[in-house]
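Structure, as structure tokens:
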Amino acid sequence: MVETLAQLKTGDQAKLLDFTKNPSLHFKLLSLGVLPGDLIKVLSCAPFGGPIVVKHGERTTFAIRKAEAKDVSIELQTPEAR
Amino acid sequence: MNEVLESLSESIGESHLVQLPLIGLPNAGKSTIFNLLTGGFRKVSNYSGITVEAARGELLTNNQENVTQYELIDLPGIYNLTPTSYDEGVTVSTLLELGPKYSFEKAIILLDWHRITPSLGMALGVLKRIGKKAIIIINKDDDQEVTLEDRSRLQRALGVPVLTISALNTDLKTLDHFIRLEHPVVEENSIAPLPITPLSASYLPSSLNGHKSLNIIPGSRGEEAVANEIDSNLKEARRILGGLQTSNHQRSILSDKIDKIVLHPLLGGIIFFAIFYLIFNAIYSWAGPIMELTEQVVLMTGQWVGDFLPNGLFKSLIVDALFGGVGGVLIFLPQIMILFFLLSLLEQSGYISRAALISDKVMSYFGLGGKAFLPYMSGYACAIPGIMAARTIPNQKERLATIMTLPLITCSARLPVYILIIGTFVPSYTVFKVFNTQALSFFFLYFLGSFAALIIAKILRLSAFKGDSSSFLIDLPQYEMPSFKAAFRQSWQKGRSFLRKAGTIILALSVLIWLLSTFPRLSEEKVQGHTPQETAALQLEHSILGRMGHTIEPVIRPLGMNWKIGVGLLVSFGARELFVSAMGTLYALGEVDEESEGLRAKLMAEIDPITKKPVFDLATAWSILFFFVFSLQCTSTLAILKKETGGWRIPIITFTYMLILAYSSSFLIYHALS
Ligand SMILES: Nc1nc2c(ncn2[C@@H]2O[C@H](COP(=O)(O)OP(=O)(O)OP(=O)(O)O)[C@@H](O)[C@H]2O)c(=O)[nH]1
Ligand SMILES: [Mg+2]
């Protein structure tokens, strides 16, 4: 069962459900213009064991550490791809 | 702890000018616009969080008649009024300090069209606090996607004037006219204080703690209040924008394609190393011929001038101090300019935030994170901007560990020493068909400094600065085609300041070194019966610097160095380049036939009077190099360390540990090689 952002693979699309667990992460994501309910796409999954690269909307790309991505719950949009 | 913050916030003095702060998201183009309007030279780079301190500049158009005298304030970028690091704290405190209730007459809020939704969210939050005293500029609308209708709709919704531009091809007139436009200001009386958490307040100077515009709420209630504030602004922004941003974004698609390659686990790693190897190779190998040409010009001019002057002290001053000392440093101008040119291209491209993310994992093994990448990278140019850039690291302990290890990164002032010593003493041949041994040695020294920095950072993070790491959430800006013009401007500016340094500090100290190594003169009878060559050598040893050198010789003997090198090391604590100029002067003085050859040839030819063997062998050369890799020989770095940490403790500790490291590693490498 895929439940958090940390479990996504490159190319996966998902709907963000909740990321209020970690307050500083919550602020940061809101600051980048991200709200629960938004769709995201994983551009690159932990290259070099590092952060996950996420595309949000048409023009925002950001990177988030795997440890923090665990605090973002999601709903996978493309289950057929797995 | 508090004095740290006091020293971080830039104090705002009284001014007769009308203050015009520039507020916007990081990377929105604030500094670009600041430079455009004031003719300033603020650093511009495609990375979020380049500007970390406030700067002021008068508008270029202030010199027209009967116009308001505006002073533009370039500020670090913010995502909202709740700071999450020291650089954001600078912006918020500057706004608060401009007066009670943000009493500046006008502010420019700069929105980034590429990230219009979060930009507008931030703007709404700011507008709520400053009461419509703002004008809004939407930047980066390169393809003119915002229609007139869109613009007037925004203007109506926000109640403030809106202009859309692309700073890359706007004309100054439009921008200036818009800024000077008078518009009715609605004074809002009841502005609710801004809710912030105690953590955010810790990034502000404590003098602001009781500020009536701030409401510090502890615990989860505070977190909730802040989240609600940002959340409601963002939702409001989305409502206002509707479906404004269209789907014409070829550049964004291209950017994603580039990322597919650059962030590829295998290709990305190769690209990462290739880029940095290329830069080092460029400053070592490509710049070589240009440097030799410059050296020839300096030598020939020196000789030419020398031929006109009568023999004597004045000639010695000109030839030995000016051409030998300052000239010896000047020949490294090409390297400095090439380094800054290439770094500027790289920074403009948008690659740096990718490099930060690629390095995040490795950095985290050493108790740091990707946020430390940019400060470290800036350190290759100069430790001072690197240390300041560390303000963007939210975690105080991580920030201190970064700051204290940054002087280990090989800065451009070490370049002349490395090139002089490697170029003279490391034999040049090709290994594995492509790599040149000298270039490899050069690369190795850079690696050694960086690796040591990481190891020490780890030690610090395990001991004095033990604790959690900051989170790593970084936005990746779209790739942009770097502008050669901007890169050239940057490189020329750095080249100029290098020339200025050579013409002032290095010149003054070279003359001082010359004086100290020329006087007192030997009496006539002492030099009788000696050849001119011997006289010159005796005179040098008799001088103040000569005696000082002999006094410290026992300390540096174990490192395989003679007294001249010792003097070079001693003076290099003022500035590293002085090593080269001191050697230039000392070796020119010891010679009779003025300037027949460059410093490199002279160094190679020197024979130890006792052992009759060359003074410089490979072991001595590496011993000097190791000393320079590790020691903190820069007074400006000590000063900035004090400023950024609010006391002498950190600079003293940093200086001491680096000196111990330098001495012991020089000792070890000398004995290993000899
Ligand atoms: N495409 C495009 N790029 C722009 C425009 N204006 C500025 N830039 C680029 O945007 C990047 C950021 O510009 P800066 O002026 O450094 O931004 P800043 O707001 O000062 O950023 P911080 O100091 O990090 O807060 C640079 O690479 C600029 O060349 C524009 O109108 N269009
Ligand atoms: Mg800036």
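If you're wondering about the labels, chains in the structure tokens are A, B, ... by order shown, residues count from 1 in each chain, ligands from 1 in order shown.
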key: Check: which chain B residues lie within 9 Å of chain A using only C-alpha atoms, as a PyMOL selection string   = chain B and resi 79-80+84+114-119+121-122+220+223-224+226-227+230-231+234-235+245-247+249+252-253+256+259-260+263-266+268-269+357-362+471-478
Which of range 312-512 of chain B end up as alpha helix (DSSP H) when DSSP is run on this backbone - answer as a compact mmCIF listing (two decimals) with N, CA and C atoms, in the first residue's frame?
# COMPACT_ATOMS: atom_id res chain seq x y z
N LEU B 313 69.44 52.38 -4.26
CA LEU B 313 68.28 51.95 -3.49
C LEU B 313 66.98 52.18 -4.22
N PHE B 314 66.87 53.31 -4.93
CA PHE B 314 65.61 53.60 -5.59
C PHE B 314 65.30 52.56 -6.67
N LYS B 315 66.33 52.23 -7.41
CA LYS B 315 66.15 51.19 -8.43
C LYS B 315 65.72 49.88 -7.77
N SER B 316 66.34 49.58 -6.65
CA SER B 316 66.01 48.35 -5.94
C SER B 316 64.54 48.36 -5.50
N GLY B 327 54.20 42.84 -8.89
CA GLY B 327 54.12 42.22 -10.21
C GLY B 327 53.95 40.72 -10.11
N GLY B 328 54.63 40.11 -9.14
CA GLY B 328 54.53 38.67 -8.95
C GLY B 328 53.11 38.23 -8.62
N VAL B 329 52.36 39.10 -7.96
CA VAL B 329 50.98 38.77 -7.61
C VAL B 329 50.06 39.05 -8.79
N LEU B 330 50.37 40.15 -9.49
CA LEU B 330 49.50 40.58 -10.59
C LEU B 330 49.33 39.53 -11.69
N LEU B 333 46.09 37.48 -12.24
CA LEU B 333 44.80 38.06 -12.63
C LEU B 333 43.98 37.17 -13.57
N PRO B 334 44.60 36.58 -14.61
CA PRO B 334 43.80 35.74 -15.51
C PRO B 334 43.07 34.60 -14.79
N GLN B 335 43.78 33.93 -13.87
CA GLN B 335 43.14 32.83 -13.15
C GLN B 335 41.93 33.30 -12.36
N ILE B 336 42.10 34.42 -11.65
CA ILE B 336 41.01 34.94 -10.83
C ILE B 336 39.81 35.25 -11.72
N MET B 337 40.08 35.88 -12.87
CA MET B 337 38.97 36.27 -13.72
C MET B 337 38.28 35.07 -14.35
N ILE B 338 39.06 34.07 -14.74
CA ILE B 338 38.46 32.87 -15.33
C ILE B 338 37.61 32.14 -14.30
N LEU B 339 38.12 32.05 -13.07
CA LEU B 339 37.36 31.37 -12.01
C LEU B 339 36.00 32.03 -11.82
N PHE B 340 35.99 33.35 -11.71
CA PHE B 340 34.72 34.02 -11.45
C PHE B 340 33.81 34.00 -12.67
N PHE B 341 34.38 34.01 -13.85
CA PHE B 341 33.59 33.93 -15.06
C PHE B 341 32.83 32.60 -15.10
N LEU B 342 33.55 31.51 -14.85
CA LEU B 342 32.92 30.19 -14.92
C LEU B 342 31.91 29.99 -13.79
N LEU B 343 32.26 30.45 -12.59
CA LEU B 343 31.31 30.31 -11.48
C LEU B 343 30.02 31.08 -11.77
N SER B 344 30.16 32.25 -12.37
CA SER B 344 28.98 33.04 -12.68
C SER B 344 28.09 32.32 -13.70
N LEU B 345 28.70 31.74 -14.74
CA LEU B 345 27.91 30.98 -15.72
C LEU B 345 27.13 29.87 -15.02
N LEU B 346 27.82 29.16 -14.14
CA LEU B 346 27.21 28.04 -13.45
C LEU B 346 26.06 28.51 -12.56
N GLU B 347 26.28 29.60 -11.86
CA GLU B 347 25.25 30.11 -10.95
C GLU B 347 24.03 30.59 -11.70
N GLN B 348 24.25 31.22 -12.85
CA GLN B 348 23.11 31.73 -13.61
C GLN B 348 22.27 30.61 -14.19
N SER B 349 22.90 29.46 -14.46
CA SER B 349 22.19 28.40 -15.14
C SER B 349 21.08 27.78 -14.29
N TYR B 351 21.98 25.50 -11.99
CA TYR B 351 22.51 24.19 -11.63
C TYR B 351 22.80 24.06 -10.14
N ILE B 352 23.12 25.19 -9.49
CA ILE B 352 23.58 25.13 -8.10
C ILE B 352 22.59 24.43 -7.16
N SER B 353 21.28 24.71 -7.34
CA SER B 353 20.34 24.05 -6.44
C SER B 353 20.27 22.55 -6.73
N ARG B 354 20.52 22.17 -7.99
CA ARG B 354 20.60 20.73 -8.30
C ARG B 354 21.83 20.13 -7.64
N ALA B 355 22.94 20.86 -7.70
CA ALA B 355 24.16 20.37 -7.06
C ALA B 355 23.95 20.25 -5.56
N ALA B 356 23.20 21.20 -5.00
CA ALA B 356 22.92 21.15 -3.56
C ALA B 356 22.15 19.88 -3.24
N LEU B 357 21.21 19.53 -4.11
CA LEU B 357 20.39 18.35 -3.83
C LEU B 357 21.19 17.07 -4.06
N ILE B 358 22.06 17.08 -5.07
CA ILE B 358 22.90 15.91 -5.32
C ILE B 358 23.84 15.67 -4.13
N SER B 359 24.31 16.77 -3.55
CA SER B 359 25.29 16.62 -2.47
C SER B 359 24.64 16.42 -1.11
N ASP B 360 23.32 16.57 -1.04
CA ASP B 360 22.66 16.53 0.27
C ASP B 360 22.95 15.27 1.07
N LYS B 361 22.90 14.12 0.37
CA LYS B 361 23.10 12.85 1.06
C LYS B 361 24.51 12.78 1.66
N VAL B 362 25.49 13.08 0.83
CA VAL B 362 26.88 13.03 1.29
C VAL B 362 27.10 14.01 2.44
N MET B 363 26.57 15.21 2.27
CA MET B 363 26.72 16.22 3.31
C MET B 363 26.08 15.75 4.62
N SER B 364 24.98 14.99 4.51
CA SER B 364 24.30 14.60 5.73
C SER B 364 25.13 13.58 6.53
N TYR B 365 26.02 12.83 5.84
CA TYR B 365 26.93 11.95 6.57
C TYR B 365 27.85 12.76 7.47
N PHE B 373 25.90 23.50 0.66
CA PHE B 373 26.64 23.42 -0.59
C PHE B 373 27.01 24.80 -1.14
N LEU B 374 26.02 25.68 -1.20
CA LEU B 374 26.30 27.01 -1.77
C LEU B 374 27.33 27.79 -0.95
N PRO B 375 27.18 27.83 0.39
CA PRO B 375 28.24 28.50 1.17
C PRO B 375 29.62 27.91 0.88
N TYR B 376 29.73 26.58 0.86
CA TYR B 376 31.02 25.97 0.56
C TYR B 376 31.50 26.34 -0.84
N MET B 377 30.57 26.30 -1.80
CA MET B 377 30.99 26.61 -3.16
C MET B 377 31.46 28.05 -3.28
N SER B 378 30.76 28.96 -2.61
CA SER B 378 31.20 30.35 -2.62
C SER B 378 32.59 30.46 -2.02
N GLY B 379 32.88 29.56 -1.07
CA GLY B 379 34.18 29.56 -0.42
C GLY B 379 35.34 29.32 -1.37
N TYR B 380 35.09 28.69 -2.52
CA TYR B 380 36.18 28.50 -3.49
C TYR B 380 36.60 29.84 -4.09
N ALA B 381 35.68 30.79 -4.10
CA ALA B 381 36.05 32.12 -4.55
C ALA B 381 36.68 32.87 -3.38
N ALA B 383 36.25 33.08 1.24
CA ALA B 383 35.55 32.58 2.43
C ALA B 383 34.49 33.56 2.92
N ILE B 384 34.69 34.85 2.65
CA ILE B 384 33.81 35.85 3.26
C ILE B 384 32.35 35.75 2.78
N PRO B 385 32.09 35.78 1.47
CA PRO B 385 30.70 35.58 1.05
C PRO B 385 30.18 34.20 1.44
N GLY B 386 31.05 33.21 1.49
CA GLY B 386 30.64 31.87 1.89
C GLY B 386 30.11 31.86 3.31
N ILE B 387 30.86 32.51 4.19
CA ILE B 387 30.46 32.55 5.61
C ILE B 387 29.14 33.29 5.75
N MET B 388 28.96 34.34 4.96
CA MET B 388 27.69 35.07 5.04
C MET B 388 26.54 34.25 4.48
N ALA B 389 26.82 33.51 3.39
CA ALA B 389 25.77 32.71 2.77
C ALA B 389 25.24 31.65 3.72
N GLN B 396 21.06 26.54 13.86
CA GLN B 396 22.18 27.32 14.37
C GLN B 396 23.47 26.50 14.49
N LYS B 397 23.35 25.24 14.97
CA LYS B 397 24.55 24.43 15.17
C LYS B 397 25.17 24.03 13.84
N GLU B 398 24.29 23.69 12.89
CA GLU B 398 24.77 23.34 11.57
C GLU B 398 25.44 24.55 10.92
N ARG B 399 24.86 25.69 11.15
CA ARG B 399 25.40 26.92 10.58
C ARG B 399 26.79 27.19 11.14
N LEU B 400 26.96 27.04 12.46
CA LEU B 400 28.27 27.28 13.05
C LEU B 400 29.31 26.27 12.56
N ALA B 401 28.89 25.01 12.43
CA ALA B 401 29.83 24.00 11.94
C ALA B 401 30.27 24.34 10.51
N THR B 402 29.34 24.88 9.73
CA THR B 402 29.68 25.28 8.35
C THR B 402 30.64 26.47 8.36
N ILE B 403 30.30 27.45 9.16
CA ILE B 403 31.11 28.68 9.22
C ILE B 403 32.54 28.37 9.67
N MET B 404 32.67 27.50 10.68
CA MET B 404 33.99 27.25 11.25
C MET B 404 34.88 26.41 10.33
N THR B 405 34.28 25.71 9.38
CA THR B 405 35.09 24.88 8.49
C THR B 405 35.27 25.53 7.12
N LEU B 415 45.24 30.49 -4.68
CA LEU B 415 45.59 30.15 -6.06
C LEU B 415 47.02 30.52 -6.45
N PRO B 416 47.42 31.80 -6.26
CA PRO B 416 48.77 32.18 -6.67
C PRO B 416 49.85 31.30 -6.02
N VAL B 417 49.67 30.99 -4.74
CA VAL B 417 50.67 30.17 -4.05
C VAL B 417 50.71 28.76 -4.65
N TYR B 418 49.52 28.17 -4.82
CA TYR B 418 49.46 26.81 -5.38
C TYR B 418 50.13 26.78 -6.75
N ILE B 419 49.78 27.75 -7.59
CA ILE B 419 50.28 27.72 -8.95
C ILE B 419 51.78 27.95 -8.98
N LEU B 420 52.22 28.87 -8.16
CA LEU B 420 53.66 29.15 -8.11
C LEU B 420 54.43 27.89 -7.70
N ILE B 421 54.01 27.27 -6.62
CA ILE B 421 54.76 26.14 -6.08
C ILE B 421 54.61 24.89 -6.96
N ILE B 422 53.36 24.60 -7.35
CA ILE B 422 53.17 23.40 -8.18
C ILE B 422 53.87 23.57 -9.52
N GLY B 423 53.67 24.75 -10.13
CA GLY B 423 54.25 25.00 -11.44
C GLY B 423 55.77 24.90 -11.41
N THR B 424 56.38 25.19 -10.26
CA THR B 424 57.82 25.16 -10.19
C THR B 424 58.37 23.80 -9.80
N PHE B 425 57.71 23.11 -8.90
CA PHE B 425 58.35 21.94 -8.30
C PHE B 425 57.73 20.59 -8.60
N THR B 437 50.03 15.71 -14.37
CA THR B 437 50.36 15.57 -12.94
C THR B 437 50.20 16.90 -12.19
N GLN B 438 50.55 17.99 -12.85
CA GLN B 438 50.43 19.28 -12.16
C GLN B 438 48.96 19.62 -11.92
N ALA B 439 48.14 19.40 -12.95
CA ALA B 439 46.71 19.67 -12.78
C ALA B 439 46.13 18.76 -11.70
N LEU B 440 46.59 17.51 -11.67
CA LEU B 440 46.09 16.58 -10.66
C LEU B 440 46.49 17.02 -9.25
N SER B 441 47.74 17.50 -9.12
CA SER B 441 48.19 17.98 -7.81
C SER B 441 47.31 19.15 -7.36
N PHE B 442 47.03 19.99 -8.30
CA PHE B 442 46.19 21.15 -8.05
C PHE B 442 44.81 20.71 -7.57
N PHE B 443 44.24 19.76 -8.30
CA PHE B 443 42.93 19.22 -7.97
C PHE B 443 42.97 18.58 -6.58
N PHE B 444 44.06 17.87 -6.32
CA PHE B 444 44.22 17.18 -5.04
C PHE B 444 44.19 18.17 -3.87
N LEU B 445 44.84 19.33 -4.05
CA LEU B 445 44.87 20.32 -2.97
C LEU B 445 43.46 20.84 -2.67
N TYR B 446 42.70 21.07 -3.72
CA TYR B 446 41.31 21.50 -3.54
C TYR B 446 40.52 20.42 -2.81
N PHE B 447 40.73 19.20 -3.23
CA PHE B 447 40.03 18.09 -2.61
C PHE B 447 40.41 17.98 -1.13
N LEU B 448 41.70 18.11 -0.86
CA LEU B 448 42.20 17.97 0.51
C LEU B 448 41.53 18.99 1.44
N GLY B 449 41.48 20.24 0.99
CA GLY B 449 40.86 21.29 1.80
C GLY B 449 39.38 20.99 2.05
N SER B 450 38.68 20.59 0.99
CA SER B 450 37.24 20.34 1.11
C SER B 450 36.98 19.15 2.01
N PHE B 451 37.79 18.10 1.83
CA PHE B 451 37.60 16.90 2.62
C PHE B 451 37.85 17.20 4.09
N ALA B 452 38.91 17.94 4.37
CA ALA B 452 39.21 18.32 5.75
C ALA B 452 38.05 19.11 6.35
N ALA B 453 37.47 19.99 5.54
CA ALA B 453 36.35 20.80 6.03
C ALA B 453 35.21 19.89 6.48
N LEU B 454 34.91 18.88 5.66
CA LEU B 454 33.80 17.97 6.00
C LEU B 454 34.12 17.15 7.26
N ILE B 455 35.36 16.67 7.35
CA ILE B 455 35.74 15.87 8.52
C ILE B 455 35.63 16.70 9.80
N ILE B 456 36.16 17.92 9.75
CA ILE B 456 36.10 18.78 10.93
C ILE B 456 34.64 19.10 11.26
N ALA B 457 33.83 19.34 10.21
CA ALA B 457 32.42 19.61 10.45
C ALA B 457 31.77 18.44 11.18
N LYS B 458 32.13 17.24 10.75
CA LYS B 458 31.57 16.04 11.40
C LYS B 458 31.99 16.00 12.87
N ILE B 459 33.29 16.26 13.12
CA ILE B 459 33.77 16.25 14.50
C ILE B 459 33.02 17.29 15.34
N LEU B 460 32.82 18.45 14.77
CA LEU B 460 32.09 19.50 15.49
C LEU B 460 30.66 19.07 15.77
N ARG B 461 30.05 18.43 14.76
CA ARG B 461 28.64 18.03 14.92
C ARG B 461 28.48 16.87 15.89
N LEU B 462 29.60 16.17 16.15
CA LEU B 462 29.53 15.07 17.12
C LEU B 462 29.86 15.56 18.52
N PHE B 484 26.59 35.59 -21.06
CA PHE B 484 28.04 35.78 -21.04
C PHE B 484 28.39 37.19 -20.61
N LYS B 485 27.50 38.09 -20.95
CA LYS B 485 27.74 39.49 -20.60
C LYS B 485 27.76 39.64 -19.08
N ALA B 486 26.75 39.05 -18.44
CA ALA B 486 26.68 39.15 -16.98
C ALA B 486 27.89 38.47 -16.34
N ALA B 487 28.27 37.31 -16.92
CA ALA B 487 29.43 36.60 -16.37
C ALA B 487 30.69 37.43 -16.53
N PHE B 488 30.79 38.09 -17.66
CA PHE B 488 31.99 38.91 -17.89
C PHE B 488 32.02 40.09 -16.93
N ARG B 489 30.82 40.66 -16.70
CA ARG B 489 30.74 41.78 -15.77
C ARG B 489 31.20 41.36 -14.38
N GLN B 490 30.71 40.22 -13.97
CA GLN B 490 31.06 39.68 -12.66
C GLN B 490 32.57 39.45 -12.57
N SER B 491 33.12 38.85 -13.62
CA SER B 491 34.54 38.51 -13.59
C SER B 491 35.39 39.77 -13.65
N TRP B 492 34.95 40.74 -14.42
CA TRP B 492 35.69 41.99 -14.51
C TRP B 492 35.68 42.72 -13.17
N GLN B 493 34.50 42.66 -12.52
CA GLN B 493 34.39 43.33 -11.23
C GLN B 493 35.34 42.71 -10.20
N LYS B 494 35.40 41.36 -10.21
CA LYS B 494 36.30 40.69 -9.27
C LYS B 494 37.75 40.95 -9.65
N GLY B 495 38.02 40.98 -10.95
CA GLY B 495 39.36 41.28 -11.41
C GLY B 495 39.79 42.66 -10.96
N ARG B 496 38.85 43.59 -11.04
CA ARG B 496 39.15 44.95 -10.63
C ARG B 496 39.46 45.02 -9.14
N SER B 497 38.67 44.29 -8.35
CA SER B 497 38.93 44.38 -6.92
C SER B 497 40.24 43.67 -6.56
N PHE B 498 40.62 42.68 -7.37
CA PHE B 498 41.94 42.05 -7.19
C PHE B 498 43.05 43.05 -7.50
N LEU B 499 42.86 43.80 -8.59
CA LEU B 499 43.84 44.82 -8.96
C LEU B 499 43.94 45.89 -7.88
N ARG B 500 42.76 46.24 -7.34
CA ARG B 500 42.75 47.26 -6.31
C ARG B 500 43.52 46.79 -5.09
N LYS B 501 43.29 45.52 -4.74
CA LYS B 501 44.00 44.96 -3.59
C LYS B 501 45.51 44.96 -3.86
N LEU B 507 50.67 46.41 -2.40
CA LEU B 507 51.73 47.36 -2.72
C LEU B 507 52.35 47.91 -1.44
N ALA B 508 51.50 48.36 -0.52
CA ALA B 508 52.00 48.96 0.72
C ALA B 508 52.84 47.95 1.49
N LEU B 509 52.31 46.73 1.61
CA LEU B 509 53.05 45.74 2.39
C LEU B 509 54.31 45.28 1.66
N SER B 510 54.28 45.29 0.32
CA SER B 510 55.49 44.92 -0.42
C SER B 510 56.59 45.93 -0.17
N VAL B 511 56.20 47.21 -0.14
CA VAL B 511 57.19 48.25 0.14
C VAL B 511 57.73 48.07 1.55
N LEU B 512 56.82 47.76 2.47
CA LEU B 512 57.25 47.53 3.85
C LEU B 512 58.22 46.35 3.92
key: Contacts with ligand 1 at most 9 Å, only C-alpha atoms and all ligand atoms counted, listed as a PyMOL selection string   = chain B and resi 22-35+42-53+74-78+110+112-114+138-142+165-170+347-350+477-483+486
Give me, as a PDB file with C-alpha atoms, in the first residue's frame, all polymer residues having an atom no more than 9 Å from Gln13 in chain A, counting only C-alpha atoms and skipping those fewer than 6 positions away in the same chain.
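Output (selection.pdb):
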ATOM      1  CA  LEU A  39      -1.661  16.888  -7.594  1.00  0.00           C
ATOM      2  CA  ILE A  40       2.048  16.267  -7.766  1.00  0.00           C
ATOM      3  CA  LYS A  41       4.362  14.225  -9.959  1.00  0.00           C
ATOM      4  CA  VAL A  42       7.644  12.637  -8.946  1.00  0.00           C
ATOM      5  CA  GLU A  75      -3.155   8.956  -2.655  1.00  0.00           C
ATOM      6  CA  LEU A  76      -1.554   7.337  -5.705  1.00  0.00           C
ATOM      7  CA  GLN A  77      -3.217   8.425  -8.956  1.00  0.00           C
ATOM      8  CA  THR A  78      -1.660   5.954 -11.344  1.00  0.00           C
TER       9      THR A  78
END
DSSP strand (DSSP E) selection over range 162-363 of chain B, as a PyMOL selection string = chain B and resi 162-164+194-196+214-216
inquiry  = Just checking: using only C-alpha atoms and all ligand atoms, which residue out of B:Ile217, B:Ala54, B:Ile607, B:Leu37 ends up closest to ligand 2?
reply    =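 Looking at the shortest contact to ligand 2, the residue is B:Ala54.
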query = Which polymer residues have any atom within 7 Å of an atom of Tyr203 in chain B, counting only C-alpha atoms, with same-chain residues fewer than 3 positions away left out, as a ChimeraX atom specification?
reply = /B:83,85-86,89,200
Selection to disk with all heavy atoms, as a PDB file, in the first residue's frame:
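selection13.pdb written:
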ATOM      1  N   PRO B  83       9.914  34.424   9.582  1.00  0.00           N
ATOM      2  CA  PRO B  83      11.237  33.983   9.139  1.00  0.00           C
ATOM      3  C   PRO B  83      11.555  32.545   9.548  1.00  0.00           C
ATOM      4  O   PRO B  83      11.158  32.096  10.629  1.00  0.00           O
ATOM      5  CB  PRO B  83      12.195  34.967   9.820  1.00  0.00           C
ATOM      6  CG  PRO B  83      11.433  35.579  10.942  1.00  0.00           C
ATOM      7  CD  PRO B  83       9.989  35.519  10.569  1.00  0.00           C
ATOM      8  N   SER B  85      14.897  31.435   8.735  1.00  0.00           N
ATOM      9  CA  SER B  85      16.355  31.440   8.786  1.00  0.00           C
ATOM     10  C   SER B  85      16.825  32.881   8.985  1.00  0.00           C
ATOM     11  O   SER B  85      16.023  33.807   8.934  1.00  0.00           O
ATOM     12  CB  SER B  85      16.945  30.847   7.505  1.00  0.00           C
ATOM     13  OG  SER B  85      16.481  31.574   6.391  1.00  0.00           O
ATOM     14  N   TYR B  86      18.143  33.040   9.218  1.00  0.00           N
ATOM     15  CA  TYR B  86      18.649  34.376   9.550  1.00  0.00           C
ATOM     16  C   TYR B  86      18.513  35.373   8.412  1.00  0.00           C
ATOM     17  O   TYR B  86      18.287  36.549   8.636  1.00  0.00           O
ATOM     18  CB  TYR B  86      20.109  34.298   9.992  1.00  0.00           C
ATOM     19  CG  TYR B  86      20.266  33.574  11.290  1.00  0.00           C
ATOM     20  CD1 TYR B  86      20.702  32.268  11.325  1.00  0.00           C
ATOM     21  CD2 TYR B  86      19.951  34.202  12.488  1.00  0.00           C
ATOM     22  CE1 TYR B  86      20.824  31.590  12.526  1.00  0.00           C
ATOM     23  CE2 TYR B  86      20.062  33.537  13.693  1.00  0.00           C
ATOM     24  CZ  TYR B  86      20.502  32.231  13.704  1.00  0.00           C
ATOM     25  OH  TYR B  86      20.603  31.567  14.887  1.00  0.00           O
ATOM     26  N   GLY B  89      15.184  36.599   8.439  1.00  0.00           N
ATOM     27  CA  GLY B  89      15.074  37.457   9.621  1.00  0.00           C
ATOM     28  C   GLY B  89      15.525  38.874   9.326  1.00  0.00           C
ATOM     29  O   GLY B  89      14.944  39.846   9.814  1.00  0.00           O
ATOM     30  N   SER B 200      10.646  31.202  15.094  1.00  0.00           N
ATOM     31  CA  SER B 200      10.799  32.261  14.100  1.00  0.00           C
ATOM     32  C   SER B 200      11.337  33.527  14.740  1.00  0.00           C
ATOM     33  O   SER B 200      12.167  34.225  14.163  1.00  0.00           O
ATOM     34  CB  SER B 200       9.458  32.568  13.441  1.00  0.00           C
ATOM     35  OG  SER B 200       9.143  31.577  12.511  1.00  0.00           O
TER      36      SER B 200
END
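Picture a line from CA of Pro394 in chain B to CA of Asn22 in chain A; it runs 15.8 Å.
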